[in-house]
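Undergrad: This is the content of final_37.txt (compact mmCIF, C-alpha atoms and all ligand atoms):
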# COMPACT_ATOMS: atom_id res chain seq x y z
CA MET A 1 65.28 93.50 110.79
CA HIS A 2 66.16 92.02 107.40
CA GLN A 3 68.60 94.28 105.56
CA ASP A 4 67.39 95.00 101.99
CA LEU A 5 70.45 93.71 100.12
CA SER A 6 69.05 94.83 96.78
CA ALA A 7 69.75 98.46 97.57
CA PRO A 8 72.52 98.68 100.20
CA ALA A 9 72.62 102.05 101.95
CA ASN A 10 76.16 102.57 100.72
CA PRO A 11 76.55 101.35 97.09
CA LEU A 12 80.36 101.63 97.29
CA LYS A 13 80.51 103.20 93.84
CA THR A 14 82.61 106.32 94.51
CA LEU A 15 86.01 106.57 96.20
CA ASP A 16 88.64 109.12 97.22
CA LEU A 17 92.23 107.91 97.61
CA PHE A 18 94.64 110.32 99.30
CA CYS A 19 98.33 109.95 98.45
CA ARG A 20 101.09 112.03 100.02
CA VAL A 21 104.41 111.44 98.23
CA VAL A 22 106.90 111.11 101.07
CA ASP A 23 109.94 110.51 98.89
CA ASN A 24 110.96 108.23 96.01
CA TYR A 25 108.15 106.75 93.96
CA GLY A 26 106.55 104.03 96.01
CA ASP A 27 103.68 105.97 97.51
CA ILE A 28 102.46 107.28 94.17
CA GLY A 29 103.51 104.03 92.46
CA ILE A 30 101.27 101.94 94.67
CA CYS A 31 98.38 104.44 94.80
CA TRP A 32 98.34 104.85 91.05
CA ARG A 33 98.12 101.11 90.56
CA LEU A 34 95.30 100.81 93.11
CA ALA A 35 93.37 103.76 91.64
CA ARG A 36 93.47 102.33 88.11
CA GLN A 37 92.55 98.87 89.33
CA LEU A 38 89.52 100.11 91.33
CA ALA A 39 88.31 102.03 88.29
CA HIS A 40 89.01 99.43 85.60
CA GLU A 41 88.20 96.18 87.43
CA HIS A 42 85.54 97.30 89.91
CA GLY A 43 83.81 100.12 88.03
CA ILE A 44 84.34 102.56 90.88
CA ALA A 45 84.52 106.31 90.21
CA VAL A 46 87.93 107.06 91.70
CA ARG A 47 89.38 110.45 92.59
CA LEU A 48 93.10 110.25 93.40
CA TRP A 49 94.38 113.15 95.53
CA VAL A 50 98.14 113.61 94.97
CA ASP A 51 100.32 116.33 96.47
CA ASP A 52 103.42 115.86 94.27
CA LEU A 53 102.52 115.69 90.57
CA LYS A 54 106.16 115.92 89.48
CA SER A 55 107.03 112.56 91.09
CA PHE A 56 103.81 111.18 89.63
CA ARG A 57 104.87 112.22 86.12
CA ARG A 58 108.16 110.27 86.54
CA ILE A 59 106.18 107.02 86.47
CA TRP A 60 103.34 108.26 84.24
CA PRO A 61 104.54 110.78 81.62
CA GLU A 62 100.98 111.88 80.67
CA VAL A 63 100.58 113.70 84.01
CA ASP A 64 100.06 117.47 83.64
CA THR A 65 101.97 118.86 86.61
CA GLU A 66 100.11 122.20 86.41
CA ALA A 67 96.56 120.83 86.32
CA ASP A 68 94.31 121.24 89.36
CA VAL A 69 92.15 118.37 88.14
CA GLN A 70 92.77 115.96 85.25
CA GLN A 71 91.45 112.69 83.87
CA LEU A 72 94.11 109.99 83.48
CA ALA A 73 93.44 106.35 82.51
CA GLY A 74 89.85 106.59 83.72
CA VAL A 75 90.80 108.15 87.07
CA THR A 76 90.13 111.72 88.21
CA VAL A 77 93.43 113.10 89.54
CA GLN A 78 93.06 115.99 91.97
CA HIS A 79 96.13 118.03 92.86
CA TRP A 80 96.13 117.96 96.68
CA ARG A 81 97.39 121.43 97.53
CA GLY A 82 97.18 121.26 101.31
CA GLN A 83 95.05 120.84 104.42
CA ASP A 84 92.81 123.87 103.93
CA GLY A 85 89.71 124.01 101.77
CA ALA A 86 86.01 123.84 102.51
CA PHE A 87 84.08 120.60 102.03
CA THR A 88 80.43 119.60 102.37
CA ALA A 89 78.82 116.18 102.71
CA ALA A 90 78.11 116.31 98.97
CA ASP A 91 81.86 116.19 98.32
CA ILE A 92 82.29 112.92 100.23
CA PRO A 93 82.30 109.57 98.33
CA ASP A 94 81.18 106.12 99.48
CA ILE A 95 84.76 105.06 100.36
CA VAL A 96 87.66 107.15 101.67
CA ILE A 97 91.18 105.73 101.68
CA GLU A 98 94.23 107.31 103.32
CA PHE A 99 97.50 105.81 102.14
CA PHE A 100 100.26 105.18 104.69
CA GLY A 101 98.35 107.17 107.32
CA CYS A 102 98.55 110.52 105.50
CA GLU A 103 96.45 113.10 107.35
CA ILE A 104 93.46 114.18 105.25
CA PRO A 105 92.12 117.74 105.52
CA PRO A 106 90.25 118.29 108.83
CA ALA A 107 87.31 119.97 107.04
CA TYR A 108 87.05 116.89 104.83
CA VAL A 109 86.73 114.64 107.91
CA GLU A 110 84.04 116.94 109.35
CA ALA A 111 82.14 116.67 106.04
CA MET A 112 82.46 112.86 106.21
CA ALA A 113 80.63 112.94 109.54
CA GLN A 114 77.87 115.10 108.06
CA ARG A 115 77.17 112.65 105.22
CA ALA A 116 73.83 110.86 105.76
CA VAL A 117 75.37 107.51 104.74
CA LYS A 118 78.79 107.44 106.37
CA PRO A 119 81.65 106.57 104.05
CA VAL A 120 83.68 103.41 104.64
CA TRP A 121 87.02 104.82 105.84
CA PHE A 122 90.33 102.97 105.44
CA ASN A 123 93.93 103.59 106.30
CA LEU A 124 96.11 101.48 104.00
CA GLU A 125 99.27 100.46 105.79
CA GLY A 126 102.67 99.41 104.46
CA LEU A 127 103.67 95.90 103.50
CA SER A 128 105.40 93.74 106.10
CA ALA A 129 105.73 90.01 106.79
CA GLU A 130 106.01 90.69 110.54
CA GLN A 131 103.59 88.67 112.64
CA TRP A 132 101.98 91.67 114.36
CA VAL A 133 100.39 92.76 111.08
CA GLU A 134 97.86 89.91 111.23
CA GLY A 135 96.55 91.10 114.59
CA CYS A 136 96.13 94.67 113.38
CA HIS A 137 94.61 93.96 109.98
CA THR A 138 90.98 95.31 109.78
CA LEU A 139 91.13 96.72 113.33
CA PRO A 140 88.56 99.53 113.79
CA SER A 141 89.60 102.92 115.11
CA PRO A 142 86.61 105.06 116.22
CA HIS A 143 87.12 108.79 115.68
CA ARG A 144 87.72 110.56 119.00
CA SER A 145 84.79 112.95 118.60
CA LEU A 146 82.91 112.26 115.37
CA LYS A 147 80.60 109.34 114.56
CA LEU A 148 83.12 107.82 112.19
CA THR A 149 85.24 104.67 112.32
CA LYS A 150 88.47 104.14 110.37
CA TYR A 151 89.67 100.64 109.54
CA PHE A 152 93.33 99.66 109.22
CA PHE A 153 93.89 97.50 106.16
CA PHE A 154 97.24 95.79 105.63
CA PRO A 155 98.70 94.12 102.56
CA GLY A 156 100.41 90.86 103.32
CA PHE A 157 101.49 87.35 102.39
CA ASN A 158 98.65 85.21 103.74
CA GLU A 159 94.86 85.07 104.09
CA ARG A 160 95.00 86.75 107.53
CA THR A 161 95.96 89.98 105.76
CA GLY A 162 94.68 91.86 102.71
CA GLY A 163 97.01 89.97 100.36
CA LEU A 164 99.12 91.57 97.65
CA SER A 165 97.89 93.89 94.91
CA PHE A 166 97.64 92.43 91.42
CA GLU A 167 95.57 93.20 88.37
CA ALA A 168 93.12 90.50 87.22
CA ASP A 169 94.90 90.10 83.87
CA LEU A 170 98.48 90.41 85.18
CA GLU A 171 99.48 86.72 85.03
CA ALA A 172 97.82 86.25 81.63
CA ARG A 173 99.73 89.28 80.29
CA ARG A 174 103.00 87.92 81.68
CA GLN A 175 102.43 84.49 80.15
CA ALA A 176 101.55 86.00 76.76
CA PHE A 177 104.62 88.25 76.87
CA LEU A 178 106.92 85.30 77.56
CA GLN A 179 105.25 82.76 75.28
CA GLN A 180 105.26 85.17 72.36
CA GLY A 181 108.99 85.80 72.92
CA GLN A 182 108.42 89.53 73.42
CA ALA A 183 111.25 89.94 75.94
CA ALA A 184 114.02 90.22 73.35
CA ALA A 185 112.18 92.89 71.36
CA PHE A 186 111.27 94.78 74.53
CA LEU A 187 114.87 94.85 75.75
CA SER A 188 116.15 95.69 72.29
CA GLY A 189 113.76 98.67 72.32
CA LEU A 190 115.56 99.83 75.47
CA GLY A 191 118.95 99.57 73.74
CA VAL A 192 120.03 96.17 75.08
CA THR A 193 122.37 94.54 72.54
CA PRO A 194 122.21 90.87 71.42
CA PRO A 195 125.40 89.88 73.34
CA GLU A 196 123.92 91.50 76.48
CA GLN A 197 120.70 89.61 75.86
CA GLU A 198 122.73 86.37 75.82
CA SER A 199 124.27 87.25 79.22
CA LEU A 200 122.65 86.72 82.58
CA LYS A 201 120.31 89.74 82.61
CA VAL A 202 119.97 91.50 85.96
CA SER A 203 117.80 94.58 86.53
CA LEU A 204 119.06 96.95 89.23
CA PHE A 205 116.71 99.19 91.22
CA CYS A 206 118.10 100.06 94.64
CA TYR A 207 118.82 102.84 97.12
CA ASP A 208 122.10 104.73 97.25
CA TYR A 209 123.04 102.93 100.47
CA ALA A 210 123.28 99.55 98.73
CA PRO A 211 126.86 98.21 98.29
CA VAL A 212 126.77 98.51 94.49
CA PRO A 213 130.57 98.84 93.96
CA GLU A 214 131.13 95.57 95.82
CA LEU A 215 128.49 93.81 93.75
CA PHE A 216 129.89 95.20 90.50
CA ALA A 217 133.36 93.95 91.46
CA ALA A 218 131.99 90.45 92.04
CA TRP A 219 130.14 90.48 88.70
CA GLN A 220 133.25 91.78 86.94
CA ALA A 221 135.24 88.79 88.25
CA ALA A 222 132.43 86.30 87.53
CA SER A 223 133.00 83.18 85.42
CA ALA A 224 130.05 83.97 83.12
CA PRO A 225 128.91 87.34 81.68
CA VAL A 226 126.41 89.52 83.52
CA ALA A 227 124.43 92.36 81.88
CA CYS A 228 123.29 94.80 84.57
CA LEU A 229 120.35 96.90 83.31
CA VAL A 230 119.91 99.98 85.48
CA PRO A 231 117.18 102.61 84.99
CA ASP A 232 118.39 106.20 84.78
CA SER A 233 119.20 107.93 88.09
CA VAL A 234 119.40 104.66 90.10
CA ALA A 235 122.65 104.25 92.11
CA ARG A 236 124.06 107.16 90.13
CA GLU A 237 127.41 107.51 91.94
CA ALA A 238 128.37 103.83 91.69
CA VAL A 239 127.15 103.52 88.10
CA GLU A 240 129.06 106.62 86.94
CA ALA A 241 132.19 105.34 88.70
CA PHE A 242 131.90 102.10 86.72
CA LEU A 243 130.98 103.80 83.43
CA GLY A 244 133.63 106.46 83.73
CA SER A 245 131.07 108.81 82.17
CA PRO A 246 127.80 110.58 83.10
CA MET A 247 124.80 108.32 83.70
CA GLN A 248 122.25 108.73 80.94
CA PRO A 249 119.99 106.34 79.02
CA GLY A 250 122.09 104.46 76.43
CA ALA A 251 125.37 104.71 78.34
CA SER A 252 127.11 101.35 78.82
CA PHE A 253 130.52 99.95 79.67
CA THR A 254 132.04 96.49 79.88
CA ARG A 255 134.79 95.48 82.28
CA GLY A 256 135.64 91.81 82.81
CA ALA A 257 132.43 89.76 82.82
CA LEU A 258 130.23 92.76 83.64
CA THR A 259 128.40 95.08 81.26
CA VAL A 260 126.43 97.90 82.88
CA ARG A 261 123.80 99.47 80.63
CA VAL A 262 121.73 102.49 81.59
CA LEU A 263 118.07 102.27 80.58
CA PRO A 264 115.49 105.07 80.58
CA PHE A 265 113.31 105.24 83.70
CA VAL A 266 110.37 103.50 82.07
CA PRO A 267 106.60 104.12 82.54
CA GLN A 268 105.17 101.97 85.31
CA THR A 269 103.45 99.52 82.96
CA ASP A 270 106.80 98.86 81.22
CA TYR A 271 108.60 98.26 84.50
CA ASP A 272 106.74 94.94 84.82
CA LYS A 273 108.05 93.93 81.39
CA LEU A 274 111.61 94.72 82.47
CA LEU A 275 111.19 92.44 85.49
CA TRP A 276 109.65 89.69 83.32
CA SER A 277 112.53 89.97 80.80
CA CYS A 278 115.41 89.62 83.26
CA ASP A 279 116.82 86.51 84.97
CA LEU A 280 117.31 88.18 88.35
CA ASN A 281 115.85 91.44 89.66
CA PHE A 282 117.21 93.77 92.30
CA VAL A 283 114.22 95.70 93.60
CA ARG A 284 113.52 98.08 96.46
CA GLY A 285 110.87 99.69 98.66
CA GLU A 286 107.40 98.23 98.49
CA ASP A 287 105.86 98.37 95.04
CA SER A 288 108.75 96.94 93.04
CA ILE A 289 109.26 94.03 95.45
CA VAL A 290 105.59 93.14 94.98
CA ARG A 291 105.98 93.39 91.20
CA ALA A 292 109.15 91.24 91.42
CA GLN A 293 107.08 88.50 93.05
CA TRP A 294 104.55 88.69 90.19
CA ALA A 295 107.44 88.38 87.71
CA GLY A 296 108.12 84.80 88.88
CA LYS A 297 111.88 85.44 88.90
CA PRO A 298 114.46 85.45 91.72
CA PHE A 299 114.89 88.86 93.32
CA ILE A 300 117.03 90.65 95.89
CA TRP A 301 115.27 93.28 98.00
CA ASN A 302 116.87 96.58 99.01
CA ILE A 303 114.55 97.60 101.82
CA TYR A 304 113.58 101.18 102.61
CA LYS A 305 115.93 102.27 105.40
CA GLN A 306 114.42 102.97 108.83
CA ASP A 307 115.84 104.19 112.14
CA LYS A 308 117.39 101.73 114.57
CA ASN A 309 117.72 99.20 111.73
CA LEU A 310 114.01 98.37 112.00
CA HIS A 311 114.18 97.57 108.29
CA HIS A 312 116.44 94.59 109.11
CA THR A 313 113.62 93.13 111.24
CA LYS A 314 111.24 93.62 108.33
CA LEU A 315 113.72 92.04 105.88
CA ASN A 316 114.32 88.99 108.09
CA ALA A 317 110.59 88.53 108.64
CA PHE A 318 110.12 88.33 104.88
CA LEU A 319 113.09 86.00 104.32
CA LYS A 320 111.59 83.71 106.97
CA ILE A 321 108.28 83.27 105.15
CA TYR A 322 109.62 83.39 101.57
CA ASP A 323 109.44 79.66 100.71
CA PRO A 324 111.97 79.62 97.83
CA ALA A 325 114.71 81.20 99.99
CA THR A 326 117.98 79.26 100.00
CA PRO A 327 120.91 80.12 102.33
CA ALA A 328 122.59 81.86 99.38
CA LEU A 329 119.51 84.03 98.75
CA VAL A 330 119.15 84.89 102.44
CA GLU A 331 122.81 85.83 102.71
CA ALA A 332 122.73 87.91 99.53
CA ASN A 333 119.68 89.83 100.79
CA ARG A 334 121.27 90.46 104.16
CA ALA A 335 124.58 91.50 102.58
CA TRP A 336 122.72 93.86 100.22
CA ASN A 337 121.04 95.59 103.16
CA GLY A 338 123.99 95.71 105.57
CA ALA A 339 122.30 93.07 107.72
CA SER A 340 124.98 90.39 107.53
CA GLN A 341 126.46 89.07 110.76
CA ALA A 342 129.90 88.58 109.23
CA ASP A 343 132.08 90.29 106.62
CA VAL A 344 130.70 89.68 103.16
CA ASP A 345 132.74 87.77 100.58
CA TRP A 346 130.85 89.12 97.57
CA GLN A 347 132.49 86.80 95.04
CA ALA A 348 131.60 83.71 97.06
CA SER A 349 128.14 85.13 97.74
CA TRP A 350 127.53 85.76 94.06
CA GLN A 351 128.81 82.32 93.01
CA ALA A 352 126.49 80.64 95.54
CA LEU A 353 123.51 82.75 94.47
CA ARG A 354 124.16 82.19 90.78
CA ALA A 355 124.35 78.41 91.34
CA ASP A 356 120.92 78.56 93.03
CA LEU A 357 119.21 80.58 90.28
CA PRO A 358 117.54 77.61 88.50
CA ALA A 359 116.00 76.37 91.77
CA LEU A 360 115.13 79.94 92.84
CA THR A 361 113.39 80.54 89.52
CA GLN A 362 111.28 77.42 89.94
CA GLY A 363 110.49 78.44 93.52
CA ALA A 364 109.57 81.97 92.45
CA GLU A 365 106.95 80.58 90.05
CA GLN A 366 105.46 78.43 92.82
CA TRP A 367 105.48 81.38 95.24
CA LEU A 368 103.73 83.58 92.67
CA HIS A 369 100.78 81.15 92.52
CA LYS A 370 100.71 80.81 96.30
CA MET A 371 100.40 84.59 96.60
CA LEU A 372 97.74 84.78 93.86
CA ALA A 373 95.64 82.34 95.92
CA ASN A 374 95.34 84.94 98.74
CA GLY A 375 93.28 87.12 96.39
CA ASP A 376 93.97 90.64 95.27
CA PHE A 377 94.40 93.41 97.83
CA MET A 378 91.69 95.70 96.40
CA ALA A 379 89.19 92.89 95.85
CA ASN A 380 89.74 91.86 99.50
CA LEU A 381 89.28 95.46 100.64
CA LEU A 382 85.97 95.78 98.78
CA THR A 383 84.75 92.46 100.16
CA PHE A 384 85.47 93.74 103.66
CA ALA A 385 83.74 97.06 102.88
CA ARG A 386 80.63 95.28 101.58
CA ARG A 387 80.47 93.22 104.76
CA LEU A 388 80.65 96.42 106.82
CA VAL A 389 77.86 98.02 104.80
CA VAL A 390 75.56 95.00 105.02
CA GLU A 391 76.16 94.63 108.75
CA ALA A 392 75.82 98.37 109.44
CA PRO A 393 73.13 98.99 112.10
O1 LIG B 1 110.63 104.41 94.90
P1 LIG B 1 110.60 103.55 96.11
O2 LIG B 1 111.81 103.53 96.93
O3 LIG B 1 109.37 103.97 97.04
C1 LIG B 1 109.48 103.97 98.43
C2 LIG B 1 108.86 102.71 98.97
O4 LIG B 1 107.55 102.53 98.45
C3 LIG B 1 108.77 102.78 100.48
O5 LIG B 1 108.06 101.66 100.99
C4 LIG B 1 108.06 104.06 100.89
O6 LIG B 1 108.02 104.13 102.30
C5 LIG B 1 108.83 105.21 100.31
O7 LIG B 1 108.78 105.13 98.89
C6 LIG B 1 108.23 106.52 100.76
O8 LIG B 1 110.31 102.02 95.66
P2 LIG B 1 109.02 101.30 95.15
O9 LIG B 1 108.06 101.13 96.28
O10 LIG B 1 109.45 100.11 94.42
O11 LIG B 1 108.34 102.30 94.10
C7 LIG B 1 108.98 102.56 92.89
C8 LIG B 1 107.92 102.79 91.83
O12 LIG B 1 108.55 103.25 90.62
C9 LIG B 1 107.22 101.48 91.46
O13 LIG B 1 105.84 101.74 91.28
C10 LIG B 1 107.86 101.09 90.15
C11 LIG B 1 108.11 102.44 89.52
N1 LIG B 1 109.16 102.44 88.50
C12 LIG B 1 108.80 102.84 87.23
O14 LIG B 1 107.64 103.14 86.96
N2 LIG B 1 109.75 102.87 86.26
C13 LIG B 1 111.05 102.52 86.50
O15 LIG B 1 111.89 102.57 85.56
C14 LIG B 1 111.41 102.09 87.83
C15 LIG B 1 112.82 101.68 88.11
C16 LIG B 1 110.44 102.07 88.83
Translate the structure of the given file into C-alpha cells.
TA:
Amino acid sequence: MHQDLSAPANPLKTLDLFCRVVDNYGDIGICWRLARQLAHEHGIAVRLWVDDLKSFRRIWPEVDTEADVQQLAGVTVQHWRGQDGAFTAADIPDIVIEFFGCEIPPAYVEAMAQRAVKPVWFNLEGLSAEQWVEGCHTLPSPHRSLKLTKYFFFPGFNERTGGLSFEADLEARRQAFLQQGQAAAFLSGLGVTPPEQESLKVSLFCYDYAPVPELFAAWQAASAPVACLVPDSVAREAVEAFLGSPMQPGASFTRGALTVRVLPFVPQTDYDKLLWSCDLNFVRGEDSIVRAQWAGKPFIWNIYKQDKNLHHTKLNAFLKIYDPATPALVEANRAWNGASQADVDWQASWQALRADLPALTQGAEQWLHKMLANGDFMANLLTFARRLVVEAP
C-alpha cells in the first residue's frame, strides 16, 4: 500500500526531551544545546524537562529556578519534579527523547502507548569512540509489555553513528569571530590583559583529579610565557594554591613564565568564544570536548572518571581515531588522565607538546571539517525518525 507521504501519520513537529542532571554541567549543557537547535533549526516545538534548574542557571543565567514552566530561547522548560504525575495521550508529543538513559515517569510511558500515533522514542547515549558503539547505534528495544519501541541513538565520529552535535551557523560564526579580530576584545572583556593576550593562551576546564599542580610547575618553568585562563570554581584547590588567594573572577598571579587568571564561569554561548580565542584548550566531560573540536584548536581532554578505569579505555579509543594526534599529544592526554604507563616528566611533556602546537592546530582544522562532513547529530536523528515514520506499518 503506497504510504501518503504528503501527510505522514507522525508529523514530527513536537518533542519532549528529558534531562536528569547527574552532576557537573554536561547533561544539561548538551540537552540545552540540542533543545535550542531542534527549535531554532528544525521548527520543532520542544519541551525540555529538567530536574535541576540551579545547575541549568549556571550555564544560562536567565533560568528562573522557581518556575514550574518557563519559556527560554524559544524552548518550553518544564521543571521535572519527579516520577509521579498523571499523563494522558494528549500530553505526549511526536518525539520523546531520554538523555543518557534517564528513566521517564512510568505514567508518561503508559500514556505514550495510549497515543493513537505512537511517538518516536529515543534514548540518547553518551559519546565514545569505542568500536562497539557502531553496532549499537539505532538498535531497537521493544518495550517489555507495551506496544512501544525505543531506539538507541549514539553520537560519534563517523557516518556509522549519529555524528557530533553542531549548529548550522557554528562554523560561519567562528570564522566571522576570528576574521573580524573579535578574540582580543572578547578576552579583554573577561579581564585578560594585553601582555597575557601576547602569551600562549590556554583555557583550563578540568576535574579536580587532574594533576594541575604538576602542569602549573611545568608552565612556570617554560621558556615562553603561558597565560592560563580558568573559569571560576574549576580546579579550585590547585588554582588557589598558585594564586595564594581565594579563587574569584579577576584574580590572577604570575610566577616564572606562568600567569593564572580566573575568569567568570561564562554563559554557554560565550564558552565557544573562549575556546576560539585560545591557542590550546583543556576541556573535560562530553560537551566541552565536542566544542573544542569545533574550535579548530589543539585540546587536551580530562575524561569523566569511571570505575575500573573504564575512562582510560574511552580516552585511548578517541586518541586512536583522532587523526591530528602526535606522540606528544597522546602522552599529554594520558598523563593528564593518570593513564600513562611510565612516570610523567611534565616539563619534557610540555616542551614536546608546545613544539607540536603549529602542526596540531593545522590538524585540528582538518579534523573539524572531517567531523562536519558526518552531519549534525540532531539532523541525523530526525532523518532516522522520518524513515521510521514513513516505513511504519
Ligand atoms: O560539566 P561536565 O563535567 O559534565 C559531565 C560530562 O558531560 C559527563 O560526560 C557526564 O557524564 C557528567 O557531566 C554527568 O563537562 P561538559 O560535558 O564539558 O559540560 C560542561 C558544560 O558547561 C558545557 O556545556 C560547557 C558549559 N560551560 C559554560 O557554559 N561556561 C563555562 O564557563 C564553562 C567552563 C563550561
Undergrad: One decimal, Å: what's the distance from atom CA of Leu139 of chain A over to atom O12 of ligand LIG 1 (chain B), could you say?
TA: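 That distance, rounded to one decimal, is 29.4 Å.
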Undergrad: Can you tell me which residues come within 7 Å of ligand LIG 1 (chain B) when counting all atoms listed in the file, ideally as a ChimeraX atom specification?
TA: /A:21-27,29-30,59,126,205,231,264-269,271,283-289,304
Undergrad: Using all atoms listed in the file, find all polymer residues with an atom at most 8 Å away from the point (76.7, 94.7, 100.2); report them as a PDB file with C-alpha atoms, in the frame of the given file.
TA:
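Contents of point_7.pdb, as written:
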ATOM      1  CA  LEU A   5      70.450  93.710 100.120  1.00  0.00           C
ATOM      2  CA  PRO A   8      72.520  98.680 100.200  1.00  0.00           C
ATOM      3  CA  ASN A  10      76.160 102.570 100.720  1.00  0.00           C
ATOM      4  CA  PRO A  11      76.550 101.350  97.090  1.00  0.00           C
ATOM      5  CA  ALA A 385      83.740  97.060 102.880  1.00  0.00           C
ATOM      6  CA  ARG A 386      80.630  95.280 101.580  1.00  0.00           C
ATOM      7  CA  ARG A 387      80.470  93.220 104.760  1.00  0.00           C
ATOM      8  CA  LEU A 388      80.650  96.420 106.820  1.00  0.00           C
ATOM      9  CA  VAL A 389      77.860  98.020 104.800  1.00  0.00           C
ATOM     10  CA  VAL A 390      75.560  95.000 105.020  1.00  0.00           C
TER      11      VAL A 390
END
Undergrad: For the atom pair atom CA of Ala172 of chain A and atom CA of Gly43 of chain A, what is the interatomic distance in Å to one decimal place?
TA: 20.7 Å
Undergrad: Identify, on the basis of only C-alpha atoms, every residue whose closest approach to Ala238 of chain A does not exceed 9 Å; exclude the query and any residue fewer than 5 positions from it along the same chain; express the result as a list in words.
TA: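 Listing them by chain and then by number gives Asp208, Pro211, Val212, Pro213, Phe216 and Leu243 of chain A.
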Undergrad: One number please: atom CA of Gln293 of chain A to atom CA of Glu365 of chain A, in Å, one decimal.
TA: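 Computing the Euclidean distance for atom CA of Gln293 of chain A and atom CA of Glu365 of chain A yields 8.5 Å.
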Undergrad: For segment 141-152 of chain A, work out the shell of residues within 12 Å, counting all atoms listed in the file and skipping chain neighbours fewer than 6 positions away, then give it as a VMD selection string.
TA: chain A and resid 95 to 101 106 109 to 126 133 to 135 161 to 162 381 384 to 385 388 392
Undergrad: Tell me which protein, DNA and RNA residues are within 6 Å of segment 190-203 of chain A, counting only C-alpha atoms, leaving out same-chain ones fewer than 6 positions away, and put them as a list in words.
TA: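 Listing them by chain and then by number gives Pro225, Val226, Ala227, Cys228, Leu229, Val230, Cys278, Asp279, Leu280, Asn281 and Phe282 of chain A.
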Undergrad: Using only C-alpha atoms, find the one residue out of A:Trp49, A:Phe154, A:Phe56, A:Trp301 that sits nearest to Gly82 of chain A.
TA: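 Using only C-alpha atoms, the shortest distance to Gly82 of chain A belongs to A:Trp49.
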Undergrad: Find the residues of segment 242-335 of chain A that sit at most 8 Å from segment 180-188 of chain A; for each, write down the nearest two atoms and how far apart they are in Å, to one decimal. Count all atoms listed in the file. Sort by chain, then by number going up, and give it as a Markdown table.
TA:
| residue | atom | partner | partner_atom | distance |
| --- | --- | --- | --- | --- |
| A:Lys273 | CA | A:Ala183 | CA | 7.5 |
| A:Leu274 | CA | A:Leu187 | CA | 7.5 |
| A:Trp276 | CA | A:Ala183 | CA | 7.6 |
| A:Ser277 | CA | A:Ala183 | CA | 5.0 |
Undergrad: Quick one: which segment 266-318 of chain A residues come within 8 Å of segment 331-350 of chain A, and what is the nearest atom pair for each with the distance in Å to one decimal, counting only C-alpha atoms, rows ordered by chain and ascending number, as a tab-separated table?
TA:
residue	atom	partner	partner_atom	distance
A:Ile300	CA	A:Asn333	CA	5.6
A:Trp301	CA	A:Asn333	CA	6.3
A:Asn302	CA	A:Asn337	CA	6.0
A:Ile303	CA	A:Asn337	CA	6.9
A:His312	CA	A:Ala339	CA	6.2
A:Leu315	CA	A:Arg334	CA	7.9
Undergrad: Go through A:Gln306, A:Gln71, A:Gln351, A:Gln362 and flag the residue nearest Ala325 of chain A, using only C-alpha atoms for the distances.
TA: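 Going through A:Gln306, A:Gln71, A:Gln351, A:Gln362 one by one, the smallest distance to Ala325 of chain A is for A:Gln362.
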Undergrad: I need the residue nearest Leu72 of chain A from this list: A:Phe253, A:Gly85, A:Asp94, A:Val46. Use all atoms listed in the file for the distance.
TA: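 Checking each candidate against Leu72 of chain A, we get A:Val46 as the closest.
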Undergrad: When you count all atoms listed in the file, which of these residues is closest to Phe157 of chain A: A:Arg47, A:His42, A:Lys320, A:Arg354?
TA: A:Lys320
Undergrad: Counting only C-alpha atoms, figure out which residue out of A:Leu357, A:Val330, A:Leu48, A:Val239 gets nearest to Ala210 of chain A.
TA: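 Distance minimum relative to Ala210 of chain A lands on A:Val239.
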Undergrad: Need the axis-aligned box for segment 342-360 of chain A with 6 Å each side, so what are the centre and edges in Å to one decimal, as lines of an AutoDock Vina configuration file?
TA:
center_x = 123.9
center_y = 83.3
center_z = 98.9
size_x = 29.6
size_y = 25.9
size_z = 32.7
